[in-house]
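Enquirer: Okay, so here is structure.cif, and as you'll see once you scroll down, it has mmCIF, C-alpha atoms.
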```
data_input
loop_
_atom_site.group_PDB
_atom_site.id
_atom_site.type_symbol
_atom_site.label_atom_id
_atom_site.label_comp_id
_atom_site.auth_asym_id
_atom_site.auth_seq_id
_atom_site.Cartn_x
_atom_site.Cartn_y
_atom_site.Cartn_z
ATOM 1 C CA MET O 910 -119.933 -115.533 35.736
ATOM 2 C CA ILE O 911 -116.729 -115.236 37.742
ATOM 3 C CA VAL O 912 -117.085 -114.959 41.484
ATOM 4 C CA GLU O 913 -114.488 -112.686 43.036
ATOM 5 C CA GLY O 914 -111.957 -114.644 45.031
ATOM 6 C CA SER O 915 -112.946 -117.995 43.519
ATOM 7 C CA THR O 916 -110.216 -120.411 42.522
ATOM 8 C CA MET O 917 -110.062 -123.421 40.257
ATOM 9 C CA SER O 918 -110.011 -126.771 41.977
ATOM 10 C CA ALA O 919 -109.025 -128.715 38.863
ATOM 11 C CA PHE O 920 -106.553 -128.252 36.038
ATOM 12 C CA ARG O 921 -108.336 -127.043 32.924
ATOM 13 C CA GLY O 922 -107.641 -124.905 29.909
ATOM 14 C CA ARG O 923 -104.902 -124.624 27.302
ATOM 15 C CA TYR O 924 -101.908 -122.412 27.897
ATOM 16 C CA TYR O 925 -99.439 -121.550 25.135
ATOM 17 C CA HIS O 926 -95.918 -120.873 26.353
ATOM 18 C CA THR O 927 -92.302 -121.151 25.389
ATOM 19 C CA ILE O 928 -89.652 -123.305 26.963
ATOM 20 C CA ASP O 929 -86.441 -121.412 27.709
ATOM 21 C CA GLU O 930 -82.901 -122.413 26.711
ATOM 22 C CA LYS O 931 -82.419 -124.182 30.062
ATOM 23 C CA GLY O 932 -85.552 -126.300 29.551
ATOM 24 C CA ARG O 933 -87.851 -124.413 31.941
ATOM 25 C CA ILE O 934 -91.514 -123.545 31.568
ATOM 26 C CA THR O 935 -93.164 -120.788 33.589
ATOM 27 C CA PHE O 936 -96.580 -121.892 34.814
ATOM 28 C CA PRO O 937 -99.626 -119.670 34.315
ATOM 29 C CA SER O 938 -101.314 -118.165 37.352
ATOM 30 C CA LYS O 939 -104.538 -120.183 36.892
ATOM 31 C CA LEU O 940 -102.602 -123.451 37.206
ATOM 32 C CA ARG O 941 -100.580 -122.100 40.124
ATOM 33 C CA GLU O 942 -103.852 -121.528 42.002
ATOM 34 C CA VAL O 943 -104.678 -125.230 41.808
ATOM 35 C CA PHE O 944 -101.231 -126.210 43.037
ATOM 36 C CA ARG O 945 -101.430 -123.765 45.940
ATOM 37 C CA GLU O 946 -104.964 -124.841 46.875
ATOM 38 C CA LYS O 947 -104.609 -128.612 46.535
ATOM 39 C CA TYR O 948 -101.103 -129.905 45.951
ATOM 40 C CA GLY O 949 -98.095 -127.806 46.860
ATOM 41 C CA GLN O 950 -95.062 -127.482 44.597
ATOM 42 C CA LYS O 951 -93.860 -131.062 44.233
ATOM 43 C CA VAL O 952 -94.749 -132.889 41.004
ATOM 44 C CA VAL O 953 -93.746 -135.919 38.974
ATOM 45 C CA LEU O 954 -93.026 -135.734 35.259
ATOM 46 C CA THR O 955 -93.100 -138.806 33.044
ATOM 47 C CA ASN O 956 -93.363 -139.799 29.407
ATOM 48 C CA TRP O 957 -96.666 -140.652 27.795
ATOM 49 C CA ALA O 958 -97.560 -141.076 24.128
ATOM 50 C CA GLU O 959 -96.214 -137.964 22.361
ATOM 51 C CA TYR O 960 -96.089 -135.662 25.368
ATOM 52 C CA VAL O 961 -94.813 -135.226 28.916
ATOM 53 C CA LEU O 962 -97.327 -135.865 31.663
ATOM 54 C CA LEU O 963 -97.215 -133.760 34.842
ATOM 55 C CA ILE O 964 -98.806 -135.356 37.890
ATOM 56 C CA PRO O 965 -99.016 -133.670 41.301
ATOM 57 C CA PHE O 966 -97.048 -135.708 43.813
ATOM 58 C CA ASP O 967 -100.125 -136.649 45.879
ATOM 59 C CA GLU O 968 -101.799 -138.052 42.763
ATOM 60 C CA TRP O 969 -98.574 -139.870 41.838
ATOM 61 C CA LYS O 970 -98.431 -141.652 45.195
ATOM 62 C CA SER O 971 -101.862 -143.111 44.499
ATOM 63 C CA ILE O 972 -100.739 -144.355 41.071
ATOM 64 C CA GLU O 973 -97.670 -146.029 42.564
ATOM 65 C CA GLU O 974 -99.726 -147.718 45.289
ATOM 66 C CA LYS O 975 -102.199 -149.103 42.772
ATOM 67 C CA THR O 976 -99.420 -150.250 40.445
ATOM 68 C CA ALA O 977 -97.524 -151.949 43.283
ATOM 69 C CA ALA O 978 -100.629 -153.973 44.145
ATOM 70 C CA HIS O 979 -100.424 -155.824 40.803
ATOM 71 C CA SER O 980 -98.363 -158.946 40.247
ATOM 72 C CA LEU O 981 -94.813 -158.453 39.019
ATOM 73 C CA VAL O 982 -95.093 -161.607 36.938
ATOM 74 C CA ASP O 983 -97.890 -160.060 34.877
ATOM 75 C CA ARG O 984 -96.291 -158.999 31.594
ATOM 76 C CA GLN O 985 -98.613 -156.014 30.982
ATOM 77 C CA THR O 986 -97.932 -154.654 34.465
ATOM 78 C CA ARG O 987 -94.172 -154.883 33.885
ATOM 79 C CA GLU O 988 -94.464 -153.201 30.500
ATOM 80 C CA PHE O 989 -96.546 -150.402 31.983
ATOM 81 C CA GLN O 990 -94.058 -149.914 34.823
ATOM 82 C CA ARG O 991 -91.120 -150.013 32.420
ATOM 83 C CA TYR O 992 -92.602 -147.292 30.268
ATOM 84 C CA PHE O 993 -94.515 -145.099 32.708
ATOM 85 C CA ILE O 994 -92.954 -145.558 36.144
ATOM 86 C CA SER O 995 -89.310 -145.876 35.086
ATOM 87 C CA GLY O 996 -89.599 -142.644 33.082
ATOM 88 C CA ALA O 997 -90.787 -140.670 36.117
ATOM 89 C CA VAL O 998 -88.764 -137.817 37.605
ATOM 90 C CA ASP O 999 -89.553 -135.901 40.820
ATOM 91 C CA CYS O 1000 -89.552 -132.133 40.239
ATOM 92 C CA SER O 1001 -90.474 -128.939 42.062
ATOM 93 C CA PHE O 1002 -91.337 -125.428 40.969
ATOM 94 C CA ASP O 1003 -88.769 -122.745 41.690
ATOM 95 C CA ALA O 1004 -89.595 -119.393 43.345
ATOM 96 C CA GLN O 1005 -90.772 -117.924 40.003
ATOM 97 C CA TRP O 1006 -93.046 -120.925 39.341
ATOM 98 C CA ARG O 1007 -90.795 -122.313 36.650
ATOM 99 C CA LEU O 1008 -90.425 -126.031 36.148
ATOM 100 C CA LEU O 1009 -87.252 -127.564 34.732
ATOM 101 C CA ILE O 1010 -88.058 -130.418 32.380
ATOM 102 C CA PRO O 1011 -85.195 -132.941 32.290
ATOM 103 C CA PRO O 1012 -83.443 -133.364 28.905
ATOM 104 C CA GLU O 1013 -84.632 -136.946 28.339
ATOM 105 C CA LEU O 1014 -88.267 -135.897 28.800
ATOM 106 C CA ARG O 1015 -87.781 -132.836 26.575
ATOM 107 C CA ARG O 1016 -86.465 -135.165 23.860
ATOM 108 C CA HIS O 1017 -89.381 -137.568 24.342
ATOM 109 C CA GLY O 1018 -91.985 -134.810 23.946
ATOM 110 C CA ARG O 1019 -89.976 -132.881 21.342
ATOM 111 C CA LEU O 1020 -90.256 -129.854 23.605
ATOM 112 C CA GLU O 1021 -88.031 -127.311 21.905
ATOM 113 C CA LYS O 1022 -89.580 -123.843 21.897
ATOM 114 C CA GLU O 1023 -93.361 -123.501 21.680
ATOM 115 C CA VAL O 1024 -95.309 -125.694 24.088
ATOM 116 C CA VAL O 1025 -98.887 -126.167 25.214
ATOM 117 C CA LEU O 1026 -99.916 -126.946 28.779
ATOM 118 C CA ALA O 1027 -103.241 -128.786 28.618
ATOM 119 C CA GLY O 1028 -105.193 -129.003 31.874
ATOM 120 C CA MET O 1029 -106.686 -132.485 32.252
ATOM 121 C CA VAL O 1030 -108.511 -132.166 35.624
ATOM 122 C CA ARG O 1031 -105.953 -134.007 37.829
ATOM 123 C CA THR O 1032 -102.935 -133.841 35.521
ATOM 124 C CA ILE O 1033 -101.346 -131.525 32.968
ATOM 125 C CA GLU O 1034 -100.114 -132.606 29.559
ATOM 126 C CA ILE O 1035 -97.074 -130.745 28.226
ATOM 127 C CA TRP O 1036 -96.995 -130.865 24.431
ATOM 128 C CA ASN O 1037 -94.915 -129.626 21.551
ATOM 129 C CA ARG O 1038 -97.334 -127.044 20.109
ATOM 130 C CA GLU O 1039 -97.280 -128.419 16.571
ATOM 131 C CA LEU O 1040 -97.928 -131.986 17.773
ATOM 132 C CA PHE O 1041 -100.717 -130.769 20.066
ATOM 133 C CA GLU O 1042 -102.509 -128.877 17.319
ATOM 134 C CA GLY O 1043 -102.245 -131.885 14.990
ATOM 135 C CA ASN O 1044 -103.618 -134.195 17.670
ATOM 136 C CA LEU O 1045 -106.428 -131.762 18.447
ATOM 137 C CA SER O 1046 -107.392 -131.585 14.757
ATOM 138 C CA GLN O 1047 -107.556 -135.388 14.539
ATOM 139 C CA THR O 1048 -109.649 -135.542 17.701
ATOM 140 C CA ALA O 1049 -112.010 -132.842 16.436
ATOM 141 C CA MET O 1050 -112.777 -134.910 13.334
ATOM 142 C CA LYS O 1051 -113.927 -137.905 15.393
ATOM 143 C CA ILE O 1052 -115.289 -136.342 18.605
ATOM 144 C CA ASP O 1053 -118.889 -136.399 17.423
ATOM 145 C CA GLN O 1054 -118.657 -140.149 16.750
ATOM 146 C CA SER O 1055 -117.317 -140.950 20.208
ATOM 147 C CA SER O 1056 -119.323 -138.435 22.259
ATOM 148 C CA ASP O 1057 -122.244 -140.789 23.003
ATOM 149 C CA GLU O 1058 -119.938 -143.496 24.345
ATOM 150 C CA ILE O 1059 -117.944 -141.019 26.437
ATOM 151 C CA ALA O 1060 -121.109 -139.388 27.808
ATOM 152 C CA GLY O 1061 -122.380 -142.807 28.832
ATOM 153 C CA ARG O 1062 -119.151 -143.710 30.614
ATOM 154 C CA LEU O 1063 -119.071 -140.381 32.408
ATOM 155 C CA GLY O 1064 -122.772 -140.320 33.139
ATOM 156 C CA ILE O 1065 -123.301 -136.872 31.614
#
```
What do you get writing this file as structure tokens?
Expert:
Amino acid sequence: MIVEGSTMSAFRGRYYHTIDEKGRITFPSKLREVFREKYGQKVVLTNWAEYVLLIPFDEWKSIEEKTAAHSLVDRQTREFQRYFISGAVDCSFDAQWRLLIPPELRRHGRLEKEVVLAGMVRTIEIWNRELFEGNLSQTAMKIDQSSDEIAGRLGI
């Protein structure tokens, strides 16, 4: 049941879009609602696995604070920072709620034409559609095996 006037407070759902020739994606209205309600228009984009990860700026600040609290002489911390933090780019939506994805991140995610925006509660994954569908198929084949462990960790 949908309550009139209700808004989402978390990013969820899959949205199939195209990326234009300038490297911009127009964000769907459901995701815009979450930004308006909780975050504003400033985000951070960074590389992760096979996709580009979008993190609202307020969430990003928390990640940076937690990362900075770890020792710089710890090899795993440095490797994480080198991959995740150094790939980060501050971005903002324009007046039409389009987001320009920098060329290096488009190359990383192989974002050429058809893309999927996957709502992940506090973040959004931006995928090449073909890669996303392949990943989803692989996950579907093993989700039943891992569901008990995940349910236990989440307490559901």
Enquirer: Starting from the displayed file, determine the output of the PyMOL selection byres ((chain O and resi 960) around 12) and express the residue list as a PyMOL selection string.
Expert: chain O and resi 954-959+961-963+1010+1013-1020+1024-1027+1033-1041+1044
Enquirer: Fewer than 2 positions away in the same chain doesn't count, so skip those; otherwise give me all residues within 12 Å of Glu973 of chain O, counting all atoms listed in the file, as JSON, numbers by chain.
Expert: {"O": [953, 964, 966, 967, 968, 969, 970, 971, 975, 976, 977, 978, 979, 986, 989, 990, 993, 994, 995, 997]}
Enquirer: Spell out the residues picked by the PyMOL selection byres ((chain O and resi 1000) around 9) here, as a list in words.
Expert: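 Evaluating the PyMOL selection byres ((chain O and resi 1000) around 9) on these coordinates yields Gln950, Lys951, Val952, Val953, Leu954, Val998, Asp999, Ser1001, Phe1002, Leu1008, Leu1009 and Ile1010 of chain O.
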Enquirer: Enumerate, as a PyMOL selection string, the residues matched when the PyMOL selection byres ((chain O and resi 1028) around 9) is run on the file above.
Expert: chain O and resi 919-924+940+1026-1027+1029-1034
Enquirer: Put the listed atoms of segment 1035-1054 of chain O in a box along x, y and z with 8 Å added on every side and give me the centre and edge lengths in Å to one decimal, as AutoDock Vina command-line options.
Expert:
```
--center_x -106.9 --center_y -133.6 --center_z 20.8 --size_x 40.0 --size_y 29.1 --size_z 30.9
```
Enquirer: Go ahead and compute the interatomic distance for atom CA of Ile928 of chain O and atom CA of Ile972 of chain O, in Å to one decimal.
Expert: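 These atoms are spaced 27.7 Å apart.
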Enquirer: May I ask for the distance between atom CA of Glu1023 of chain O and atom CA of Ser1046 of chain O, given in Å to one decimal place?
Expert: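 For atom CA of Glu1023 of chain O relative to atom CA of Ser1046 of chain O, the distance reads 17.6 Å.
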Enquirer: Please indicate the distance in Å from atom CA of Tyr948 of chain O to atom CA of Pro965 of chain O, rounded to one decimal place.
Expert: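 Taking atom CA of Tyr948 of chain O and atom CA of Pro965 of chain O, their separation equals 6.3 Å.
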